[in-house]
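File shown: target18.pdb. Contents: PDB, C-alpha atoms.
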ATOM      1  CA  MET Z 421     119.788  97.123  15.425
ATOM      2  CA  ALA Z 422     120.763 100.562  16.726
ATOM      3  CA  GLY Z 423     121.789 101.751  13.269
ATOM      4  CA  LEU Z 424     118.449 100.658  11.869
ATOM      5  CA  TYR Z 425     116.626 102.545  14.622
ATOM      6  CA  ILE Z 426     118.577 105.710  13.791
ATOM      7  CA  ARG Z 427     117.686 105.399  10.122
ATOM      8  CA  LEU Z 428     114.030 104.950  10.998
ATOM      9  CA  ALA Z 429     114.225 108.048  13.202
ATOM     10  CA  TRP Z 430     115.657 109.995  10.238
ATOM     11  CA  LEU Z 431     112.768 108.861   8.062
ATOM     12  CA  PHE Z 432     110.227 109.987  10.630
ATOM     13  CA  ARG Z 433     112.080 113.298  11.032
ATOM     14  CA  SER Z 434     111.841 113.842   7.280
ATOM     15  CA  ILE Z 435     108.050 113.451   7.390
ATOM     16  CA  LYS Z 436     107.871 115.540  10.587
ATOM     17  CA  ASN Z 437     106.508 112.783  12.827
ATOM     18  CA  ASP Z 438     108.141 113.845  16.105
ATOM     19  CA  ASN Z 439     106.605 111.114  18.270
ATOM     20  CA  GLN Z 440     107.933 108.278  16.138
ATOM     21  CA  GLU Z 441     111.288 110.009  15.672
ATOM     22  CA  GLN Z 442     111.718 110.246  19.450
ATOM     23  CA  ARG Z 443     110.584 106.639  19.873
ATOM     24  CA  PHE Z 444     113.254 105.325  17.511
ATOM     25  CA  LEU Z 445     115.963 107.625  18.870
ATOM     26  CA  LYS Z 446     115.273 106.238  22.352
ATOM     27  CA  LEU Z 447     115.407 102.679  21.053
ATOM     28  CA  ALA Z 448     118.745 103.412  19.339
ATOM     29  CA  LEU Z 449     120.074 104.946  22.561
ATOM     30  CA  LYS Z 450     119.052 101.853  24.513
ATOM     31  CA  GLU Z 451     120.757  99.552  21.991
ATOM     32  CA  TYR Z 452     123.990 101.576  21.877
ATOM     33  CA  SER Z 453     124.110 101.797  25.675
ATOM     34  CA  GLU Z 454     123.595  98.053  26.045
ATOM     35  CA  SER Z 455     126.209  97.376  23.383
ATOM     36  CA  TYR Z 456     128.730  99.564  25.195
ATOM     37  CA  MET Z 457     128.007  98.031  28.610
ATOM     38  CA  SER Z 458     128.428  94.484  27.305
ATOM     39  CA  ASP Z 459     131.441  95.298  25.052
ATOM     40  CA  ASP Z 460     129.390  93.917  22.173
ATOM     41  CA  PHE Z 461     130.562  96.675  19.806
ATOM     42  CA  LYS Z 462     134.187  95.481  19.900
ATOM     43  CA  GLY Z 463     133.548  92.915  17.177
ATOM     44  CA  SER Z 464     132.120  95.561  14.851
ATOM     45  CA  SER Z 465     133.530  98.429  12.841
ATOM     46  CA  SER Z 466     132.387 100.968  15.471
ATOM     47  CA  SER Z 467     135.030 102.426  17.739
ATOM     48  CA  GLU Z 468     134.554 103.161  21.419
ATOM     49  CA  THR Z 469     134.767 106.877  20.609
ATOM     50  CA  ARG Z 470     131.972 106.599  18.063
ATOM     51  CA  ILE Z 471     129.763 104.702  20.529
ATOM     52  CA  PHE Z 472     130.430 107.391  23.188
ATOM     53  CA  TYR Z 473     129.532 110.118  20.706
ATOM     54  CA  LEU Z 474     126.318 108.392  19.627
ATOM     55  CA  ILE Z 475     125.214 107.767  23.208
ATOM     56  CA  GLY Z 476     125.835 111.420  24.058
ATOM     57  CA  GLU Z 477     124.137 112.799  20.965
ATOM     58  CA  LEU Z 478     121.130 110.502  21.246
ATOM     59  CA  SER Z 479     120.825 111.399  24.927
ATOM     60  CA  ARG Z 480     120.835 115.078  24.002
ATOM     61  CA  ARG Z 481     118.266 114.635  21.245
ATOM     62  CA  THR Z 482     115.961 112.662  23.536
ATOM     63  CA  HIS Z 483     116.245 115.311  26.282
ATOM     64  CA  GLN Z 484     118.191 113.074  28.688
ATOM     65  CA  SER Z 485     120.742 115.733  29.604
ATOM     66  CA  GLU Z 486     122.154 113.913  32.632
ATOM     67  CA  GLN Z 487     123.250 111.013  30.436
ATOM     68  CA  ALA Z 488     124.570 113.250  27.654
ATOM     69  CA  CYS Z 489     127.432 114.713  29.705
TER      70      CYS Z 489
END

Please express the file's structure as structure tokens.
Amino acid sequence: MAGLYIRLAWLFRSIKNDNQEQRFLKLALKEYSESYMSDDFKGSSSSETRIFYLIGELSRRTHQSEQAC
């Protein structure tokens, strides 16, 4: 689901709809965070490093600096 949310955010970014872009980035962040916490990603092609990067980058893009560190 998180990957789909990111793609939707990209689409909204391309049409300059900031509110919807932020909405879908936050949803992707929530999904990636939950996946990491539950070790759900381990059965997928995503590595722990990639999940860490995505959580950090999505946190930064959604202005959640404390989580991005």

Give me the result of the PyMOL selection byres ((chain Z and resi 424) around 12) on this file, residue by residue, as a PDB file with C-alpha atoms, in the frame of the given file.
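Listing of part.pdb after writing:
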ATOM      1  CA  MET Z 421     119.788  97.123  15.425  1.00  0.00           C
ATOM      2  CA  ALA Z 422     120.763 100.562  16.726  1.00  0.00           C
ATOM      3  CA  GLY Z 423     121.789 101.751  13.269  1.00  0.00           C
ATOM      4  CA  TYR Z 425     116.626 102.545  14.622  1.00  0.00           C
ATOM      5  CA  ILE Z 426     118.577 105.710  13.791  1.00  0.00           C
ATOM      6  CA  ARG Z 427     117.686 105.399  10.122  1.00  0.00           C
ATOM      7  CA  LEU Z 428     114.030 104.950  10.998  1.00  0.00           C
ATOM      8  CA  ALA Z 429     114.225 108.048  13.202  1.00  0.00           C
ATOM      9  CA  TRP Z 430     115.657 109.995  10.238  1.00  0.00           C
ATOM     10  CA  LEU Z 431     112.768 108.861   8.062  1.00  0.00           C
ATOM     11  CA  PHE Z 444     113.254 105.325  17.511  1.00  0.00           C
ATOM     12  CA  LEU Z 445     115.963 107.625  18.870  1.00  0.00           C
ATOM     13  CA  LEU Z 447     115.407 102.679  21.053  1.00  0.00           C
ATOM     14  CA  ALA Z 448     118.745 103.412  19.339  1.00  0.00           C
ATOM     15  CA  LEU Z 449     120.074 104.946  22.561  1.00  0.00           C
ATOM     16  CA  GLU Z 451     120.757  99.552  21.991  1.00  0.00           C
ATOM     17  CA  TYR Z 452     123.990 101.576  21.877  1.00  0.00           C
TER      18      TYR Z 452
END

Extending 6 Å beyond the listed atoms of stretch 443-450 of chain Z on each side, what axis-aligned box results? I want centre and edge lengths in Å to one decimal, as lines of an AutoDock Vina configuration file.
center_x = 115.3
center_y = 104.7
center_z = 21.0
size_x = 21.5
size_y = 17.8
size_z = 19.0

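Interatomic distance, atom CA of Z:Glu441 against atom CA of Z:Leu478: 11.3 Å.
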
Discussion item. Just to confirm, what's the straight-line distance from atom CA of Z:Ile471 to atom CA of Z:Asp459 in Å (one decimal)?
Written reply: 10.6 Å

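With distances taken over all atoms listed in the file, Z:Ser455 is the one residue among Z:Ser455, Z:Ser434, Z:Asn439, Z:Ser485 lying closest to Z:Phe472.
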
Worksheet entry | Straight-line distance linking atom CA of Z:Glu486 with atom CA of Z:Ser467, stated in Å to one decimal |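 Distance between the two atoms: 22.8 Å.
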